[in-house]
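Visitor: File run.txt follows (compact mmCIF, C-alpha atoms and all ligand atoms):
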# COMPACT_ATOMS: atom_id res chain seq x y z
CA MET B 1 0.00 0.00 0.00
CA THR B 2 1.24 3.51 -0.82
CA PRO B 3 2.18 5.36 2.39
CA THR B 4 0.20 8.51 3.14
CA VAL B 5 1.85 11.68 4.40
CA PHE B 6 -0.24 14.35 6.11
CA VAL B 7 0.73 17.79 4.77
CA LEU B 8 -0.78 20.29 7.19
CA SER B 9 -0.78 24.07 7.08
CA GLY B 10 -1.94 26.38 9.83
CA PRO B 11 -3.49 29.83 10.13
CA ASN B 12 -3.51 32.39 7.33
CA LEU B 13 -1.82 30.07 4.85
CA ASN B 14 -5.10 29.87 2.91
CA ARG B 15 -4.30 33.49 1.95
CA LEU B 16 -1.07 32.62 0.14
CA GLY B 17 -0.77 34.38 -3.19
CA THR B 18 -2.15 37.67 -1.87
CA ARG B 19 -0.77 37.64 1.71
CA GLU B 20 2.46 39.68 1.93
CA PRO B 21 3.72 38.37 -1.46
CA GLU B 22 7.08 40.07 -0.90
CA ILE B 23 7.60 37.57 1.94
CA TYR B 24 5.60 34.52 0.94
CA GLY B 25 5.69 34.75 -2.87
CA SER B 26 2.85 34.62 -5.37
CA ASP B 27 2.04 30.89 -5.24
CA THR B 28 -1.38 30.12 -3.82
CA LEU B 29 -1.98 27.30 -1.33
CA GLU B 30 -3.60 25.39 -4.19
CA ASP B 31 -0.32 25.75 -6.14
CA VAL B 32 1.57 24.45 -3.10
CA HIS B 33 -0.80 21.50 -2.71
CA ASP B 34 -0.61 20.66 -6.45
CA ALA B 35 3.19 20.67 -6.35
CA VAL B 36 3.19 18.63 -3.13
CA ARG B 37 0.86 16.00 -4.61
CA ARG B 38 3.04 15.71 -7.73
CA GLU B 39 6.27 15.40 -5.73
CA ALA B 40 4.68 12.90 -3.35
CA GLU B 41 3.58 10.72 -6.27
CA HIS B 42 7.10 10.92 -7.70
CA LEU B 43 8.45 9.73 -4.32
CA GLY B 44 5.93 6.91 -4.01
CA LEU B 45 3.77 8.64 -1.41
CA VAL B 46 0.22 9.96 -1.24
CA ALA B 47 -0.09 13.48 0.19
CA ASP B 48 -3.19 14.29 2.23
CA CYS B 49 -3.08 18.13 2.09
CA ARG B 50 -5.09 20.19 4.55
CA GLN B 51 -5.17 23.75 5.91
CA THR B 52 -6.95 25.17 8.94
CA ASN B 53 -7.12 28.45 10.81
CA HIS B 54 -8.13 26.62 14.00
CA GLU B 55 -5.71 25.30 16.60
CA GLY B 56 -7.99 22.49 17.82
CA GLU B 57 -8.61 21.22 14.30
CA LEU B 58 -4.88 21.13 13.62
CA ILE B 59 -4.37 19.16 16.85
CA ASP B 60 -7.14 16.70 15.85
CA TRP B 61 -5.39 16.15 12.51
CA LEU B 62 -2.06 15.48 14.24
CA HIS B 63 -3.81 12.85 16.38
CA GLN B 64 -5.32 11.36 13.20
CA ALA B 65 -1.84 11.12 11.69
CA VAL B 66 -0.70 9.10 14.71
CA ASP B 67 -3.73 6.80 14.45
CA ALA B 68 -3.15 6.38 10.71
CA GLY B 69 0.60 5.73 11.22
CA ALA B 70 1.36 8.60 8.84
CA ASP B 71 4.36 10.92 8.77
CA VAL B 72 3.64 14.65 8.82
CA VAL B 73 4.86 17.76 7.02
CA LEU B 74 3.64 20.71 9.07
CA ASN B 75 3.69 24.44 8.51
CA PRO B 76 2.23 25.61 11.83
CA GLY B 77 2.10 29.29 10.74
CA ALA B 78 2.13 31.60 13.74
CA PHE B 79 1.30 28.67 16.08
CA THR B 80 4.98 27.84 15.62
CA HIS B 81 5.94 30.59 17.99
CA TYR B 82 3.59 30.15 20.93
CA SER B 83 1.25 27.14 20.78
CA TYR B 84 2.30 24.64 23.42
CA ALA B 85 -0.84 22.65 22.52
CA VAL B 86 0.34 22.22 18.91
CA ARG B 87 3.83 21.44 20.19
CA ASP B 88 2.47 18.73 22.50
CA ALA B 89 0.47 17.21 19.63
CA CYS B 90 3.63 17.21 17.49
CA ALA B 91 5.45 15.43 20.32
CA ILE B 92 2.72 12.75 20.27
CA VAL B 93 3.53 12.21 16.57
CA THR B 94 7.29 11.95 17.01
CA THR B 95 7.22 9.88 20.22
CA SER B 96 4.89 7.44 18.42
CA GLY B 97 7.80 6.78 16.06
CA ARG B 98 6.51 8.80 13.11
CA SER B 99 8.49 11.64 11.52
CA LEU B 100 7.32 15.24 11.56
CA VAL B 101 9.06 17.87 9.45
CA GLU B 102 8.39 21.50 10.39
CA VAL B 103 8.32 23.70 7.29
CA HIS B 104 8.24 27.42 6.66
CA LEU B 105 8.04 29.29 3.37
CA SER B 106 10.01 32.20 4.81
CA ASN B 107 13.03 32.01 7.10
CA PRO B 108 11.63 33.00 10.51
CA ALA B 109 15.15 33.32 11.93
CA ALA B 110 15.77 36.24 9.56
CA ARG B 111 12.54 38.05 10.52
CA GLU B 112 11.06 39.71 13.62
CA GLN B 113 12.36 38.66 17.03
CA PHE B 114 9.11 36.92 18.02
CA ARG B 115 9.53 34.54 15.06
CA HIS B 116 12.95 33.41 16.24
CA VAL B 117 11.43 31.00 18.75
CA SER B 118 9.83 27.80 17.51
CA VAL B 119 8.13 25.77 20.22
CA VAL B 120 7.60 23.03 17.61
CA GLY B 121 11.22 22.70 16.48
CA PRO B 122 12.48 20.86 19.58
CA VAL B 123 9.92 18.06 19.14
CA ALA B 124 10.10 17.89 15.32
CA THR B 125 12.25 15.40 13.46
CA GLY B 126 13.70 18.32 11.50
CA THR B 127 12.96 21.72 10.03
CA VAL B 128 13.09 23.19 6.49
CA ALA B 129 12.68 26.96 6.22
CA GLY B 130 13.26 29.77 3.77
CA PHE B 131 12.78 28.09 0.38
CA GLY B 132 9.21 29.10 -0.43
CA LEU B 133 7.11 26.33 -1.94
CA GLN B 134 10.29 24.23 -2.22
CA SER B 135 10.40 23.97 1.59
CA TYR B 136 7.40 21.63 1.41
CA LEU B 137 8.97 19.55 -1.37
CA LEU B 138 12.30 19.27 0.45
CA ALA B 139 10.43 18.15 3.57
CA LEU B 140 8.75 15.36 1.58
CA ARG B 141 12.13 14.26 0.27
CA ALA B 142 13.50 14.20 3.79
CA LEU B 143 10.83 11.67 4.72
CA VAL B 144 11.84 9.05 2.17
C1 LIG P 1 5.39 30.91 8.33
C2 LIG P 1 6.23 31.79 9.24
C3 LIG P 1 5.44 32.21 10.47
O1 LIG P 1 6.22 33.07 11.28
C4 LIG P 1 4.19 32.96 10.07
O2 LIG P 1 3.42 33.28 11.20
C5 LIG P 1 3.39 32.24 9.05
C6 LIG P 1 4.08 31.57 7.95
C7 LIG P 1 6.12 30.59 7.01
O3 LIG P 1 5.69 29.66 6.33
O4 LIG P 1 7.09 31.26 6.66
O5 LIG P 1 2.16 32.26 9.07
O6 LIG P 1 5.12 29.69 8.99
Is it possible to express this structure as structure tokens?
Ligand code: DQA
Guide:
Amino acid sequence: MTPTVFVLSGPNLNRLGTREPEIYGSDTLEDVHDAVRREAEHLGLVADCRQTNHEGELIDWLHQAVDAGADVVLNPGAFTHYSYAVRDACAIVTTSGRSLVEVHLSNPAAREQFRHVSVVGPVATGTVAGFGLQSYLLALRALV
């Protein structure tokens, strides 16, 4: 059976394409998901792509990934910097033996001070940041 990877994006990422294009580029989330699905197929994976603006929904999806035995590519958006609840859900993924790659389109370390902290990073398998849409594709590659 072809392994499924959950590709999850958090708040405001549904606005890609028009949201601060000088930072996030002109690709829409649909463009990101299309490219992710193509790359996943190329790598022998199926990508289950989802986006939510709601912390609890994101946490539910991380639990679902554990129950499905699926690895995760996660762009937590601003939750990255302060959500201990998302962090704890990510820890459930990685302590269950699955991989979780934290991704960012931009490079938060090169931006405002409050973005320099990731509460997710310490419980992720690894992080890819700063390569725009390619960050998601590199994260998929890291999983195989
Ligand atoms: C982001 C970086 C975060 O700091 C920000 O809050 C986002 C997007 C990125 O992909 O670069 O919403 O995760």
Visitor: Which is closest to B:Glu30 among B:Ala124, B:Val46, B:Leu143, B:Leu133, if we use only C-alpha atoms?
Guide: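 Closest residue, counting only C-alpha atoms: B:Leu133.
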Visitor: For ligand LIG 1 (chain P), list the contacting residues at 10 Å or closer, counting all atoms listed in the file, as a PyMOL selection string.
Guide: chain B and resi 9-16+19+23-24+74-81+102-109+111-112+114-118+128-133+135-136
Visitor: Point out the residue among B:Ala142, B:Val119, B:Ala47, B:Cys90 with the least atom-to-atom distance to B:Asp34, counting all atoms listed in the file.
Guide: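 Of the candidates, the smallest distance to B:Asp34 is held by B:Ala47.
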Visitor: For atom CA of B:Gln134 and atom CA of B:Asp27, determine how far apart the two atoms are, in Å to one decimal place.
Guide: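 Rounded to one decimal, the two atoms are 11.0 Å apart.
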Visitor: If I take atom CA of B:Arg38 and atom CA of B:Ala89, how far is one from the other in Å, to one decimal?
Guide: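 Straight-line distance from atom CA of B:Arg38 to atom CA of B:Ala89 works out to 27.5 Å.
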Visitor: To one decimal in Å, tell me the separation between atom CA of B:Leu45 and atom CA of B:Thr125.
Guide: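 Separation between atom CA of B:Leu45 and atom CA of B:Thr125: 18.4 Å.
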Visitor: Name the closest residue to B:Asp60 among the candidates B:Val73, B:Val32, B:Ile92, B:Leu137; distances are taken between atoms, counting all atoms listed in the file.
Guide: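 Smallest separation from B:Asp60 among the options: B:Ile92.
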Visitor: Quick one: residues within 12 Å of B:Gln64, only C-alpha atoms counted, chain neighbours fewer than 2 positions away excluded, as an MDAnalysis selection string?
Guide: chainID B and resid 4:6 8 48 57:62 66:72 89:90 92:93
Visitor: Ranking B:Val86, B:Met1, B:Val36, B:Val101 by minimum distance to B:Ala139 and counting all atoms listed in the file, which one comes first?
Guide: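 Nearest to B:Ala139: B:Val101.
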Visitor: Taking all atoms listed in the file into account, which of B:Leu43, B:Ala110, B:Arg50, B:Thr94 comes nearest B:Arg141?
Guide: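 Comparing B:Leu43, B:Ala110, B:Arg50, B:Thr94 against B:Arg141, the winner is B:Leu43.
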Visitor: Give the answer as one residue: which of B:Val123, B:Asn53, B:Leu140, B:Gln113 has the shortest atom-to-atom distance to B:Thr95, using all atoms listed in the file?
Guide: B:Val123
Visitor: Can you take stretch 69-119 of chain B from the block and write C-alpha atoms as a PDB file, in the first residue's frame?
Guide:
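Ended up saving to out.pdb:
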ATOM      1  CA  GLY B  69       0.598   5.733  11.224  1.00  0.00           C
ATOM      2  CA  ALA B  70       1.359   8.600   8.836  1.00  0.00           C
ATOM      3  CA  ASP B  71       4.359  10.918   8.769  1.00  0.00           C
ATOM      4  CA  VAL B  72       3.643  14.655   8.824  1.00  0.00           C
ATOM      5  CA  VAL B  73       4.858  17.757   7.016  1.00  0.00           C
ATOM      6  CA  LEU B  74       3.641  20.708   9.071  1.00  0.00           C
ATOM      7  CA  ASN B  75       3.685  24.440   8.507  1.00  0.00           C
ATOM      8  CA  PRO B  76       2.234  25.613  11.829  1.00  0.00           C
ATOM      9  CA  GLY B  77       2.103  29.286  10.736  1.00  0.00           C
ATOM     10  CA  ALA B  78       2.135  31.597  13.744  1.00  0.00           C
ATOM     11  CA  PHE B  79       1.299  28.670  16.076  1.00  0.00           C
ATOM     12  CA  THR B  80       4.980  27.841  15.619  1.00  0.00           C
ATOM     13  CA  HIS B  81       5.945  30.591  17.987  1.00  0.00           C
ATOM     14  CA  TYR B  82       3.590  30.150  20.928  1.00  0.00           C
ATOM     15  CA  SER B  83       1.251  27.144  20.783  1.00  0.00           C
ATOM     16  CA  TYR B  84       2.297  24.635  23.424  1.00  0.00           C
ATOM     17  CA  ALA B  85      -0.836  22.650  22.524  1.00  0.00           C
ATOM     18  CA  VAL B  86       0.343  22.216  18.914  1.00  0.00           C
ATOM     19  CA  ARG B  87       3.831  21.443  20.195  1.00  0.00           C
ATOM     20  CA  ASP B  88       2.471  18.727  22.499  1.00  0.00           C
ATOM     21  CA  ALA B  89       0.466  17.211  19.630  1.00  0.00           C
ATOM     22  CA  CYS B  90       3.634  17.206  17.493  1.00  0.00           C
ATOM     23  CA  ALA B  91       5.446  15.432  20.322  1.00  0.00           C
ATOM     24  CA  ILE B  92       2.722  12.753  20.271  1.00  0.00           C
ATOM     25  CA  VAL B  93       3.534  12.214  16.573  1.00  0.00           C
ATOM     26  CA  THR B  94       7.288  11.949  17.008  1.00  0.00           C
ATOM     27  CA  THR B  95       7.223   9.881  20.217  1.00  0.00           C
ATOM     28  CA  SER B  96       4.894   7.443  18.417  1.00  0.00           C
ATOM     29  CA  GLY B  97       7.796   6.778  16.061  1.00  0.00           C
ATOM     30  CA  ARG B  98       6.510   8.802  13.111  1.00  0.00           C
ATOM     31  CA  SER B  99       8.487  11.638  11.521  1.00  0.00           C
ATOM     32  CA  LEU B 100       7.320  15.236  11.559  1.00  0.00           C
ATOM     33  CA  VAL B 101       9.055  17.871   9.455  1.00  0.00           C
ATOM     34  CA  GLU B 102       8.385  21.498  10.390  1.00  0.00           C
ATOM     35  CA  VAL B 103       8.323  23.700   7.289  1.00  0.00           C
ATOM     36  CA  HIS B 104       8.236  27.420   6.657  1.00  0.00           C
ATOM     37  CA  LEU B 105       8.041  29.289   3.369  1.00  0.00           C
ATOM     38  CA  SER B 106      10.009  32.200   4.810  1.00  0.00           C
ATOM     39  CA  ASN B 107      13.032  32.014   7.103  1.00  0.00           C
ATOM     40  CA  PRO B 108      11.629  32.997  10.509  1.00  0.00           C
ATOM     41  CA  ALA B 109      15.155  33.323  11.927  1.00  0.00           C
ATOM     42  CA  ALA B 110      15.769  36.244   9.557  1.00  0.00           C
ATOM     43  CA  ARG B 111      12.545  38.054  10.517  1.00  0.00           C
ATOM     44  CA  GLU B 112      11.063  39.710  13.618  1.00  0.00           C
ATOM     45  CA  GLN B 113      12.361  38.656  17.033  1.00  0.00           C
ATOM     46  CA  PHE B 114       9.109  36.921  18.020  1.00  0.00           C
ATOM     47  CA  ARG B 115       9.525  34.538  15.064  1.00  0.00           C
ATOM     48  CA  HIS B 116      12.954  33.414  16.239  1.00  0.00           C
ATOM     49  CA  VAL B 117      11.433  31.001  18.749  1.00  0.00           C
ATOM     50  CA  SER B 118       9.826  27.795  17.509  1.00  0.00           C
ATOM     51  CA  VAL B 119       8.130  25.772  20.223  1.00  0.00           C
TER      52      VAL B 119
END
